[in-house]
Each structure stands twice: as C-alpha cells, then as structure tokens.
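Data from coords.cif: mmCIF, C-alpha atoms
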```cif
data_entry
#
loop_
_atom_site.group_PDB
_atom_site.id
_atom_site.type_symbol
_atom_site.label_atom_id
_atom_site.label_comp_id
_atom_site.auth_asym_id
_atom_site.auth_seq_id
_atom_site.Cartn_x
_atom_site.Cartn_y
_atom_site.Cartn_z
ATOM 1 C CA VAL Q 1 27.714 -18.752 -1.425
ATOM 2 C CA SER Q 2 29.483 -20.846 1.221
ATOM 3 C CA SER Q 3 32.603 -18.675 0.853
ATOM 4 C CA ILE Q 4 30.566 -15.509 1.293
ATOM 5 C CA LEU Q 5 28.969 -16.953 4.414
ATOM 6 C CA ARG Q 6 32.361 -17.690 5.923
ATOM 7 C CA VAL Q 7 33.504 -14.122 5.208
ATOM 8 C CA SER Q 8 30.338 -12.752 6.822
ATOM 9 C CA LEU Q 9 31.496 -14.305 10.117
ATOM 10 C CA PHE Q 10 34.865 -12.524 10.128
ATOM 11 C CA PRO Q 11 35.389 -9.968 12.916
ATOM 12 C CA ASP Q 12 36.640 -7.378 10.391
ATOM 13 C CA HIS Q 13 33.862 -4.894 9.489
ATOM 14 C CA GLU Q 14 35.132 -4.399 5.946
ATOM 15 C CA CYS Q 15 34.954 -8.123 5.273
ATOM 16 C CA VAL Q 16 31.427 -8.294 6.648
ATOM 17 C CA ARG Q 17 30.396 -5.274 4.568
ATOM 18 C CA ASN Q 18 31.685 -6.924 1.416
ATOM 19 C CA ALA Q 19 29.884 -10.154 2.317
ATOM 20 C CA ALA Q 20 26.639 -8.255 2.847
ATOM 21 C CA LEU Q 21 27.116 -6.470 -0.470
ATOM 22 C CA SER Q 22 27.727 -9.778 -2.253
ATOM 23 C CA LEU Q 23 24.609 -11.335 -0.728
ATOM 24 C CA ARG Q 24 22.581 -8.290 -1.724
ATOM 25 C CA LYS Q 25 23.792 -8.558 -5.330
ATOM 26 C CA LEU Q 26 22.967 -12.268 -5.402
ATOM 27 C CA ALA Q 27 19.499 -11.621 -3.986
ATOM 28 C CA ALA Q 28 18.771 -9.193 -6.829
ATOM 29 C CA TYR Q 29 18.575 -12.208 -9.172
ATOM 30 C CA GLU Q 30 15.561 -14.433 -8.725
ATOM 31 C CA ALA Q 31 17.460 -17.465 -10.001
ATOM 32 C CA SER Q 32 19.801 -17.286 -6.989
ATOM 33 C CA HIS Q 33 17.055 -17.432 -4.376
ATOM 34 C CA CYS Q 34 16.848 -21.225 -4.330
ATOM 35 C CA ILE Q 35 20.602 -21.424 -3.710
ATOM 36 C CA LEU Q 36 20.427 -18.832 -0.937
ATOM 37 C CA PHE Q 37 17.784 -20.906 0.830
ATOM 38 C CA SER Q 38 19.485 -24.256 0.323
ATOM 39 C CA GLN Q 39 22.864 -23.016 1.622
ATOM 40 C CA ASP Q 40 21.441 -20.933 4.503
ATOM 41 C CA GLY Q 41 22.289 -17.676 2.803
ATOM 42 C CA VAL Q 42 18.937 -16.339 3.954
ATOM 43 C CA GLY Q 43 19.810 -17.111 7.567
ATOM 44 C CA ALA Q 44 23.050 -15.171 7.153
ATOM 45 C CA ILE Q 45 21.206 -12.205 5.665
ATOM 46 C CA ILE Q 46 18.742 -12.236 8.554
ATOM 47 C CA HIS Q 47 21.670 -12.260 10.996
ATOM 48 C CA LEU Q 48 23.410 -9.376 9.208
ATOM 49 C CA ALA Q 49 20.191 -7.329 9.225
ATOM 50 C CA GLY Q 50 20.715 -6.929 12.964
ATOM 51 C CA HIS Q 51 24.341 -5.794 12.651
ATOM 52 C CA ASP Q 52 25.340 -2.529 14.344
ATOM 53 C CA ASP Q 53 26.884 -1.206 11.097
ATOM 54 C CA LEU Q 54 24.326 0.845 9.143
ATOM 55 C CA GLN Q 55 25.630 -0.057 5.679
ATOM 56 C CA ILE Q 56 25.525 -3.748 6.499
ATOM 57 C CA ARG Q 57 21.933 -3.394 7.697
ATOM 58 C CA ILE Q 58 20.995 -1.524 4.522
ATOM 59 C CA GLN Q 59 22.554 -4.146 2.223
ATOM 60 C CA SER Q 60 20.863 -6.932 4.184
ATOM 61 C CA ALA Q 61 17.478 -5.201 4.156
ATOM 62 C CA SER Q 62 17.783 -4.704 0.412
ATOM 63 C CA ALA Q 63 18.506 -8.422 -0.033
ATOM 64 C CA LEU Q 64 15.500 -9.366 2.112
ATOM 65 C CA ARG Q 65 13.270 -7.053 0.105
ATOM 66 C CA ASP Q 66 14.347 -8.668 -3.173
ATOM 67 C CA ILE Q 67 13.876 -12.206 -1.851
ATOM 68 C CA SER Q 68 10.476 -11.263 -0.410
ATOM 69 C CA SER Q 69 9.345 -10.227 -3.885
ATOM 70 C CA ASN Q 70 9.643 -13.844 -5.062
ATOM 71 C CA GLY Q 71 6.252 -15.475 -4.674
ATOM 72 C CA ASP Q 72 7.794 -18.937 -4.591
ATOM 73 C CA PHE Q 73 9.645 -18.185 -1.346
ATOM 74 C CA GLN Q 74 7.410 -15.748 0.553
ATOM 75 C CA LEU Q 75 6.065 -18.386 2.912
ATOM 76 C CA ALA Q 76 9.546 -19.845 3.372
ATOM 77 C CA ILE Q 77 11.203 -16.546 4.263
ATOM 78 C CA LYS Q 78 8.410 -15.823 6.735
ATOM 79 C CA GLU Q 79 9.611 -18.849 8.720
ATOM 80 C CA TYR Q 80 12.932 -17.047 9.251
ATOM 81 C CA GLY Q 81 11.124 -14.331 11.197
ATOM 82 C CA VAL Q 82 11.409 -11.749 8.429
ATOM 83 C CA ILE Q 83 8.184 -9.992 9.457
ATOM 84 C CA GLY Q 84 9.584 -9.155 12.883
ATOM 85 C CA ILE Q 85 12.914 -8.134 11.330
ATOM 86 C CA ALA Q 86 11.111 -5.790 8.924
ATOM 87 C CA ILE Q 87 9.168 -4.184 11.770
ATOM 88 C CA GLU Q 88 12.412 -3.622 13.698
ATOM 89 C CA LEU Q 89 14.078 -2.085 10.631
ATOM 90 C CA ALA Q 90 11.073 0.163 9.994
ATOM 91 C CA CYS Q 91 11.453 1.547 13.517
ATOM 92 C CA GLN Q 92 15.021 2.671 12.819
ATOM 93 C CA PRO Q 93 15.524 6.419 12.280
ATOM 94 C CA GLU Q 94 17.219 6.073 8.872
ATOM 95 C CA ILE Q 95 14.784 6.742 6.034
ATOM 96 C CA GLU Q 96 16.506 4.264 3.695
ATOM 97 C CA LEU Q 97 15.979 1.438 6.171
ATOM 98 C CA LYS Q 98 12.333 2.415 6.587
ATOM 99 C CA ILE Q 99 11.773 2.312 2.821
ATOM 100 C CA LEU Q 100 13.420 -1.098 2.493
ATOM 101 C CA ALA Q 101 11.542 -2.481 5.501
ATOM 102 C CA MET Q 102 8.184 -1.347 4.177
ATOM 103 C CA GLY Q 103 9.186 -2.791 0.803
ATOM 104 C CA ILE Q 104 9.686 -6.176 2.465
ATOM 105 C CA LEU Q 105 6.245 -5.972 4.054
ATOM 106 C CA ARG Q 106 4.632 -4.770 0.820
ATOM 107 C CA HIS Q 107 6.024 -7.715 -1.136
ATOM 108 C CA LEU Q 108 4.991 -10.223 1.520
ATOM 109 C CA SER Q 109 1.481 -8.754 1.641
ATOM 110 C CA VAL Q 110 0.898 -9.916 -1.940
ATOM 111 C CA ALA Q 111 0.705 -13.494 -0.639
ATOM 112 C CA MET Q 112 -2.906 -14.252 0.314
ATOM 113 C CA ASN Q 113 -1.748 -16.647 3.052
ATOM 114 C CA LEU Q 114 0.170 -13.850 4.779
ATOM 115 C CA LYS Q 115 -2.296 -10.968 4.562
ATOM 116 C CA LYS Q 116 -4.038 -11.782 7.838
ATOM 117 C CA GLU Q 117 -0.819 -12.551 9.708
ATOM 118 C CA LEU Q 118 0.723 -9.266 8.595
ATOM 119 C CA LEU Q 119 -2.022 -7.209 10.201
ATOM 120 C CA ASN Q 120 -1.161 -6.518 13.842
ATOM 121 C CA SER Q 121 -0.913 -3.559 16.181
ATOM 122 C CA ALA Q 122 2.882 -3.270 15.814
ATOM 123 C CA ILE Q 123 2.608 -2.871 12.047
ATOM 124 C CA ILE Q 124 -0.210 -0.325 12.384
ATOM 125 C CA ASP Q 125 1.992 1.677 14.767
ATOM 126 C CA VAL Q 126 4.843 1.581 12.232
ATOM 127 C CA LEU Q 127 2.518 2.652 9.409
ATOM 128 C CA SER Q 128 1.096 5.518 11.453
ATOM 129 C CA ASP Q 129 4.566 6.781 12.345
ATOM 130 C CA CYS Q 130 5.759 6.630 8.727
ATOM 131 C CA VAL Q 131 2.687 8.416 7.384
ATOM 132 C CA GLU Q 132 2.482 11.068 10.077
ATOM 133 C CA SER Q 133 6.199 11.818 10.444
ATOM 134 C CA TYR Q 134 7.657 11.581 6.931
ATOM 135 C CA ASP Q 135 7.001 13.173 3.549
ATOM 136 C CA ASN Q 136 9.126 10.827 1.454
ATOM 137 C CA GLY Q 137 7.292 9.697 -1.679
ATOM 138 C CA SER Q 138 9.048 6.319 -1.880
ATOM 139 C CA LEU Q 139 8.259 5.497 1.744
ATOM 140 C CA LEU Q 140 4.644 6.604 1.457
ATOM 141 C CA PHE Q 141 4.187 4.583 -1.735
ATOM 142 C CA GLU Q 142 5.317 1.470 0.143
ATOM 143 C CA CYS Q 143 2.893 2.284 2.974
ATOM 144 C CA ALA Q 144 -0.108 2.971 0.721
ATOM 145 C CA SER Q 145 0.507 -0.111 -1.409
ATOM 146 C CA PHE Q 146 0.968 -2.281 1.684
ATOM 147 C CA ILE Q 147 -2.347 -1.097 3.137
ATOM 148 C CA ALA Q 148 -4.129 -1.757 -0.163
ATOM 149 C CA ASN Q 149 -2.656 -5.260 -0.359
ATOM 150 C CA LEU Q 150 -3.790 -6.029 3.197
ATOM 151 C CA ALA Q 151 -7.291 -4.789 2.336
ATOM 152 C CA GLU Q 152 -7.664 -7.543 -0.250
ATOM 153 C CA HIS Q 153 -8.364 -9.908 2.680
ATOM 154 C CA ALA Q 154 -12.047 -9.894 3.694
ATOM 155 C CA GLN Q 155 -11.571 -9.732 7.486
ATOM 156 C CA ASN Q 156 -8.723 -7.251 7.171
ATOM 157 C CA LYS Q 157 -11.118 -4.736 5.599
ATOM 158 C CA VAL Q 158 -13.021 -4.546 8.870
ATOM 159 C CA ASP Q 159 -9.997 -4.854 11.141
ATOM 160 C CA LEU Q 160 -8.080 -2.100 9.339
ATOM 161 C CA VAL Q 161 -10.887 0.368 9.991
ATOM 162 C CA GLN Q 162 -11.160 -0.667 13.630
ATOM 163 C CA MET Q 163 -7.398 -0.199 14.020
ATOM 164 C CA GLY Q 164 -7.604 3.378 12.728
ATOM 165 C CA ILE Q 165 -6.093 2.996 9.260
ATOM 166 C CA LEU Q 166 -8.524 5.473 7.681
ATOM 167 C CA ARG Q 167 -6.610 8.325 9.300
ATOM 168 C CA CYS Q 168 -3.470 7.168 7.495
ATOM 169 C CA LEU Q 169 -5.316 6.871 4.195
ATOM 170 C CA ILE Q 170 -6.689 10.398 4.535
ATOM 171 C CA SER Q 171 -3.140 11.721 4.907
ATOM 172 C CA LEU Q 172 -1.819 9.569 2.068
ATOM 173 C CA SER Q 173 -4.606 10.715 -0.259
ATOM 174 C CA LYS Q 174 -3.347 14.292 0.059
ATOM 175 C CA HIS Q 175 0.238 13.513 -0.964
ATOM 176 C CA GLY Q 176 1.468 14.881 -4.273
ATOM 177 C CA SER Q 177 2.775 11.560 -5.609
ATOM 178 C CA VAL Q 178 0.520 9.955 -8.218
ATOM 179 C CA THR Q 179 1.378 6.409 -7.101
ATOM 180 C CA VAL Q 180 0.651 7.251 -3.456
ATOM 181 C CA LYS Q 181 -2.762 8.623 -4.454
ATOM 182 C CA GLN Q 182 -3.471 5.596 -6.642
ATOM 183 C CA ASN Q 183 -2.799 3.113 -3.868
ATOM 184 C CA SER Q 184 -4.688 5.199 -1.311
ATOM 185 C CA ALA Q 185 -7.695 5.151 -3.614
ATOM 186 C CA ARG Q 186 -7.272 1.407 -4.202
ATOM 187 C CA ALA Q 187 -7.250 0.793 -0.455
ATOM 188 C CA LEU Q 188 -10.362 2.929 0.061
ATOM 189 C CA ALA Q 189 -12.162 1.103 -2.756
ATOM 190 C CA LEU Q 190 -11.402 -2.258 -1.162
ATOM 191 C CA ILE Q 191 -12.287 -1.176 2.369
ATOM 192 C CA SER Q 192 -15.557 0.387 1.185
ATOM 193 C CA SER Q 193 -16.673 -2.904 -0.377
ATOM 194 C CA THR Q 194 -17.716 -4.028 3.122
ATOM 195 C CA PRO Q 195 -21.056 -2.406 4.110
ATOM 196 C CA ARG Q 196 -20.057 -2.561 7.777
ATOM 197 C CA ASN Q 197 -17.448 0.135 7.054
ATOM 198 C CA HIS Q 198 -19.715 2.617 5.275
ATOM 199 C CA ASN Q 199 -20.571 4.817 8.237
ATOM 200 C CA SER Q 200 -16.858 5.249 8.945
ATOM 201 C CA PHE Q 201 -16.570 7.115 5.639
ATOM 202 C CA ILE Q 202 -18.870 9.931 6.758
ATOM 203 C CA GLY Q 203 -16.788 13.016 7.492
ATOM 204 C CA CYS Q 204 -13.088 13.319 6.666
ATOM 205 C CA VAL Q 205 -12.935 10.185 4.502
ATOM 206 C CA LEU Q 206 -15.602 11.590 2.179
ATOM 207 C CA ASP Q 207 -13.572 14.797 1.933
ATOM 208 C CA ALA Q 208 -10.545 12.677 0.969
ATOM 209 C CA LEU Q 209 -12.531 10.877 -1.737
ATOM 210 C CA ILE Q 210 -13.671 14.170 -3.261
ATOM 211 C CA GLY Q 211 -10.076 15.380 -3.178
ATOM 212 C CA LEU Q 212 -8.931 12.258 -5.017
ATOM 213 C CA LEU Q 213 -11.599 12.798 -7.689
ATOM 214 C CA GLN Q 214 -10.418 16.335 -8.261
ATOM 215 C CA CYS Q 215 -6.914 15.191 -9.201
ATOM 216 C CA GLN Q 216 -8.509 13.812 -12.432
ATOM 217 C CA GLU Q 217 -5.796 11.111 -12.778
ATOM 218 C CA GLU Q 218 -7.642 8.219 -14.396
ATOM 219 C CA GLU Q 219 -6.488 5.227 -12.358
ATOM 220 C CA THR Q 220 -6.857 7.102 -9.073
ATOM 221 C CA CYS Q 221 -10.292 8.335 -10.077
ATOM 222 C CA SER Q 222 -11.380 4.888 -11.225
ATOM 223 C CA TYR Q 223 -10.662 3.447 -7.764
ATOM 224 C CA THR Q 224 -12.262 6.479 -6.107
ATOM 225 C CA ALA Q 225 -15.414 6.141 -8.207
ATOM 226 C CA ALA Q 226 -15.561 2.458 -7.222
ATOM 227 C CA ALA Q 227 -15.378 3.474 -3.548
ATOM 228 C CA ILE Q 228 -18.169 6.013 -4.054
ATOM 229 C CA THR Q 229 -20.275 3.370 -5.806
ATOM 230 C CA ASN Q 230 -19.826 1.073 -2.808
ATOM 231 C CA ILE Q 231 -20.866 3.609 -0.168
ATOM 232 C CA ALA Q 232 -23.594 5.348 -2.198
ATOM 233 C CA THR Q 233 -26.034 2.561 -1.385
ATOM 234 C CA ASN Q 234 -26.736 4.744 1.665
ATOM 235 C CA ASN Q 235 -28.848 7.793 0.715
ATOM 236 C CA GLU Q 236 -27.462 9.840 3.583
ATOM 237 C CA ILE Q 237 -23.920 9.271 2.323
ATOM 238 C CA SER Q 238 -25.019 9.983 -1.261
ATOM 239 C CA ALA Q 239 -26.436 13.322 -0.135
ATOM 240 C CA HIS Q 240 -23.188 14.133 1.685
ATOM 241 C CA ILE Q 241 -21.186 13.405 -1.466
ATOM 242 C CA GLY Q 242 -23.421 15.718 -3.476
ATOM 243 C CA ASN Q 243 -23.160 18.491 -0.878
ATOM 244 C CA LEU Q 244 -19.364 18.190 -0.934
ATOM 245 C CA GLY Q 245 -19.298 18.792 -4.685
ATOM 246 C CA GLY Q 246 -18.709 15.221 -5.780
ATOM 247 C CA ILE Q 247 -21.049 15.307 -8.779
ATOM 248 C CA HIS Q 248 -19.106 17.737 -10.971
ATOM 249 C CA PRO Q 249 -15.714 15.932 -10.982
ATOM 250 C CA LEU Q 250 -17.501 12.642 -11.689
ATOM 251 C CA ILE Q 251 -19.262 14.179 -14.673
ATOM 252 C CA LEU Q 252 -15.963 15.476 -16.044
ATOM 253 C CA LEU Q 253 -14.554 11.957 -15.776
ATOM 254 C CA LEU Q 254 -17.218 10.653 -18.156
ATOM 255 C CA LYS Q 255 -14.910 11.889 -20.913
ATOM 256 C CA SER Q 256 -12.068 9.707 -19.618
ATOM 257 C CA SER Q 257 -10.265 7.597 -22.196
ATOM 258 C CA ASP Q 258 -10.022 4.764 -19.662
ATOM 259 C CA GLY Q 259 -12.889 2.286 -19.996
ATOM 260 C CA ASN Q 260 -12.708 1.080 -16.377
ATOM 261 C CA CYS Q 261 -12.795 4.659 -15.151
ATOM 262 C CA GLN Q 262 -15.848 5.447 -17.298
ATOM 263 C CA ARG Q 263 -17.694 2.368 -16.062
ATOM 264 C CA ASN Q 264 -16.968 3.093 -12.408
ATOM 265 C CA VAL Q 265 -17.998 6.731 -12.815
ATOM 266 C CA CYS Q 266 -21.273 5.706 -14.473
ATOM 267 C CA HIS Q 267 -21.975 3.259 -11.632
ATOM 268 C CA ALA Q 268 -21.246 5.967 -9.075
ATOM 269 C CA LEU Q 269 -23.505 8.513 -10.771
ATOM 270 C CA SER Q 270 -26.319 5.983 -11.179
ATOM 271 C CA ARG Q 271 -26.365 5.478 -7.418
ATOM 272 C CA LEU Q 272 -25.808 9.084 -6.424
ATOM 273 C CA THR Q 273 -28.672 10.309 -8.602
ATOM 274 C CA THR Q 274 -31.222 8.283 -6.661
ATOM 275 C CA VAL Q 275 -31.113 11.308 -4.332
ATOM 276 C CA GLU Q 276 -33.206 14.222 -5.591
ATOM 277 C CA GLU Q 277 -30.645 16.926 -4.860
ATOM 278 C CA ASN Q 278 -28.002 15.030 -6.807
ATOM 279 C CA LYS Q 279 -30.299 14.793 -9.826
ATOM 280 C CA LEU Q 280 -30.555 18.578 -9.851
ATOM 281 C CA SER Q 281 -26.776 18.913 -9.425
ATOM 282 C CA THR Q 282 -26.217 16.592 -12.389
ATOM 283 C CA LEU Q 283 -28.475 18.736 -14.570
ATOM 284 C CA SER Q 284 -26.891 21.993 -13.401
ATOM 285 C CA CYS Q 285 -23.444 20.618 -14.307
ATOM 286 C CA ASN Q 286 -24.701 19.781 -17.836
ATOM 287 C CA GLY Q 287 -24.375 16.105 -17.018
ATOM 288 C CA ILE Q 288 -26.736 15.098 -19.834
ATOM 289 C CA ASP Q 289 -24.353 16.621 -22.397
ATOM 290 C CA TYR Q 290 -21.545 14.429 -21.052
ATOM 291 C CA LEU Q 291 -23.697 11.304 -21.001
ATOM 292 C CA ILE Q 292 -24.863 11.718 -24.590
ATOM 293 C CA PRO Q 293 -21.945 11.877 -27.110
#
```
Once you've parsed the file, please lay out its structure as structure tokens.
Amino acid sequence: VSSILRVSLFPDHECVRNAALSLRKLAAYEASHCILFSQDGVGAIIHLAGHDDLQIRIQSASALRDISSNGDFQLAIKEYGVIGIAIELACQPEIELKILAMGILRHLSVAMNLKKELLNSAIIDVLSDCVESYDNGSLLFECASFIANLAEHAQNKVDLVQMGILRCLISLSKHGSVTVKQNSARALALISSTPRNHNSFIGCVLDALIGLLQCQEEETCSYTAAAITNIATNNEISAHIGNLGGIHPLILLLKSSDGNCQRNVCHALSRLTTVEENKLSTLSCNGIDYLIP
C-alpha cells in the first residue's frame, strides 16, 4: 500500500491512474480495508477523488463505495469527509460518477448513526436532480434505496416529507425497474408509519400507491399494502383509496404465495372495509371468494 501511495503522488497521469486502479482493486476486498485505513490509503483515495482526470475520479469513487459498504468502517470513513465528497461527485455530469456517488451514500445510510446526518438540503437537491433528469435504472435504484434507508430514522420520516421527497418517490414509483419500485414502496411504507404524514398522501401519492399495487410484484405490493394499512386509519383516505380502484388489486393479491404480502393485504383490507363504499366494492369484486379458500 505504501508503494501505491507514493506512485499516486507522481506528476505522471498514467502512474496516478494505475495507482487509483490498484487502490480500487484493493478496496473491493473487505479484508484490505483495515490496512487502507492504517496506512492512510483512504486519505489518498479521497484526494484522488478530486483529481481532474475522469478515470481517476471513477476508480476512486468506486473504491470509496466499496469501503463505505463495510459496516465496521462507515463511521471512520465519514470522518474523512466522504459525505461531502459523494455530494460533489453526484453533481458531476457523468452518469457513472453519479451512480457511484449515490452508492456511497446508500451504503452509509445503512448505519443508524449516520441516517440523520445524511439528511440535508444539499442531498435532497442531488436526489431531486437525479430523479427528475435521468432515466438510468442503476442510478434510480441507488436513489430509491437511499431514501428508504433514510426513512428508517423516526425524525427523518417527517423531515423527508417536509423537504419534498414525496415528489421524488412518485416519479420513482413509475419507473419500469422492479428494484426501483420495491424501494420506492419500502420508503412510502416507512414514511406512512408516522400519522403526521398521512394527509400528505392525499392526491398524487395515493395515485402512486395504486399504481404500485397494479404491478402485482409481491415484494413491492407487500410494502405498498403496509403503507395503505398505515394511512387507512383515516376514513377520508380510505374512501379515496376505494374511489381510485385500490380494492380490486388488493383482493387479487390475497392469492399471493408470499406470506408477508398476504398478511399486509389482509390488514389493508380490514381497515379499508370500515368504510361502507369499500365494503360494497369488496363484494362486487368477489372478495369473499378470495378470502375463503
């Protein structure tokens, strides 16, 4: 590692590229992370991430992403300023850098001690730009998963809504990628677990939930049914869901082979059918036939 670090300081671009490549390959192995920290390899990678050569930045960002995935060193790498570096990289025009940068943030957001710190206006701006300006499935997966991870923090659930993240989730829920839909639904399920957010779901977010149900992919629908269960404590919202056609796809999901999906769907229907109109909709969709094997 010390030899690689010396090469990374050479003025020759080819030498620096090879050093960055070597550090990236080392970072791909979890067993090397302790060595990279103890010999200041991480500091060198951080330095190279700001290099004016695109390939060097890409190799360095890839190394940072891999190190950030190691739960033993997530708090340590944060002290090197990796969050700010990731935000800077995500603002670059190259799509590969954006994907790697959001991957860094996604990995770091797994750490409960970092979830609150990771939520700030600069990151929301980056997320909004990625979601609104790009249609790359890998990038949008990183964004959706990052949002869902942040929403595991109690205060973040409220703050995310106040910072306008629901607009991003509506867009993400419409993407064709299964994993993007899954993480969008997971984020909505988590955010909806806070009653303070329920009124924010009225309107376009309810439309997005119905759209996610209609995809009939079990994991996505399980999270979506959980979100509906959370917000259906409000009879006005329950009536809206029924009017939007939410009963029929839920009934179809009763035949799901996934036990979690079945349970969440049953919970959702039990709350929705406290509203008279939804009871009639359940009967008209032959819901009893689905409930009784």
ask   = Between atom CA of Asn149 of chain Q and atom CA of Leu118 of chain Q, what is the distance, to one decimal in Å?
value =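 Spanning atom CA of Asn149 of chain Q to atom CA of Leu118 of chain Q is a straight-line distance of 10.4 Å.
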Inset, instruction - Would you translate the PyMOL selection byres ((chain Q and resi 201) around 10) into the concrete set of residues it matches in this file, as a list in words? - result: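 Residues picked by the PyMOL selection byres ((chain Q and resi 201) around 10): Val161, Leu166, Leu188, Ile191, Ser192, Asn197, His198, Asn199, Ser200, Ile202, Gly203, Cys204, Val205, Leu206, Asp207, Ala208, Leu209, Ala227, Ile228, Ile231 and Ile237 of chain Q.
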Got a sec to check which residues sit within 12 Å of (11.6, 3.0, 5.8), counting only C-alpha atoms, and write them as an NGL selection string?
:Q and (58 or 61-62 or 65 or 86-106 or 126-127 or 129-131 or 133-143)
May I have the residues within 6 Å of Tyr223 of chain Q as a list in words, using all atoms listed in the file and disregarding those fewer than 3 positions away in the same chain?
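Here the answer would be Ala185, Arg186, Ala189, Thr220 and Ala226 of chain Q.
Here atom CA of Ser145 of chain Q is placed at a distance of 5.2 Å from atom CA of Asn183 of chain Q.
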Hey, what comes out of the PyMOL selection byres ((chain Q and resi 48-57) around 10) on this file? Could you write it as a tab-separated table (two decimals) with C-alpha atoms, in the coordinates of the input?
```
chain	number	residue	atom	x	y	z
Q	8	SER	CA	30.34	-12.75	6.82
Q	9	LEU	CA	31.50	-14.30	10.12
Q	13	HIS	CA	33.86	-4.89	9.49
Q	14	GLU	CA	35.13	-4.40	5.95
Q	16	VAL	CA	31.43	-8.29	6.65
Q	17	ARG	CA	30.40	-5.27	4.57
Q	18	ASN	CA	31.68	-6.92	1.42
Q	19	ALA	CA	29.88	-10.15	2.32
Q	20	ALA	CA	26.64	-8.26	2.85
Q	21	LEU	CA	27.12	-6.47	-0.47
Q	24	ARG	CA	22.58	-8.29	-1.72
Q	42	VAL	CA	18.94	-16.34	3.95
Q	43	GLY	CA	19.81	-17.11	7.57
Q	44	ALA	CA	23.05	-15.17	7.15
Q	45	ILE	CA	21.21	-12.20	5.66
Q	46	ILE	CA	18.74	-12.24	8.55
Q	47	HIS	CA	21.67	-12.26	11.00
Q	58	ILE	CA	21.00	-1.52	4.52
Q	59	GLN	CA	22.55	-4.15	2.22
Q	60	SER	CA	20.86	-6.93	4.18
Q	61	ALA	CA	17.48	-5.20	4.16
Q	62	SER	CA	17.78	-4.70	0.41
Q	63	ALA	CA	18.51	-8.42	-0.03
Q	64	LEU	CA	15.50	-9.37	2.11
Q	82	VAL	CA	11.41	-11.75	8.43
Q	85	ILE	CA	12.91	-8.13	11.33
Q	86	ALA	CA	11.11	-5.79	8.92
Q	88	GLU	CA	12.41	-3.62	13.70
Q	89	LEU	CA	14.08	-2.08	10.63
Q	94	GLU	CA	17.22	6.07	8.87
Q	97	LEU	CA	15.98	1.44	6.17
```
Nearest-residue call for Ser2 of chain Q, choices Q:Pro195, Q:Pro249, Q:Gly41, Q:Gly211, using all atoms listed in the file =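 When distances to Ser2 of chain Q are compared using all atoms listed in the file, the smallest one comes from Q:Gly41.
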Q) Which distance in Å separates atom CA of His33 of chain Q and atom CA of Leu150 of chain Q, to one decimal? A)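 Distance reported for this atom pair: 24.9 Å.
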Option closest in space to Asp159 of chain Q, from Q:Leu119, Q:Leu213, Q:Ala187, Q:Val178 [counting only C-alpha atoms]:
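Under the stated criterion, the closest residue is Q:Leu119.
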Evaluating the PyMOL selection byres ((chain Q and resi 269) around 9) on the displayed file yields which residues, as number ranges by chain?
Q: 225, 228-229, 247, 250-251, 264-268, 270-274, 278, 282
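Distances here use only C-alpha atoms; by that measure, the residue among Q:Glu117, Q:Asp66, Q:Asp12, Q:Asp125 closest to Asn156 of chain Q is Q:Glu117.
Residues lying within 12 Å of Ala31 of chain Q, counting only C-alpha atoms and ignoring same-chain neighbours fewer than 6 positions away, are Lys25, Phe37, Asp66, Ile67, Asn70, Asp72 and Phe73 of chain Q.
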request  = Go through Q:Thr194, Q:Val158, Q:Leu283, Q:Gln216 and flag the residue nearest Lys181 of chain Q, using only C-alpha atoms for the distances.
outcome  =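 Among the listed residues, the smallest separation from Lys181 of chain Q belongs to Q:Gln216.
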Select, counting only C-alpha atoms, all protein, DNA and RNA residues no farther than 9 Å from (-5.5, -2.8, 17.2) in file coordinates, and express the selection as a ChimeraX atom specification. /Q:119-122,124,159-160,162-164
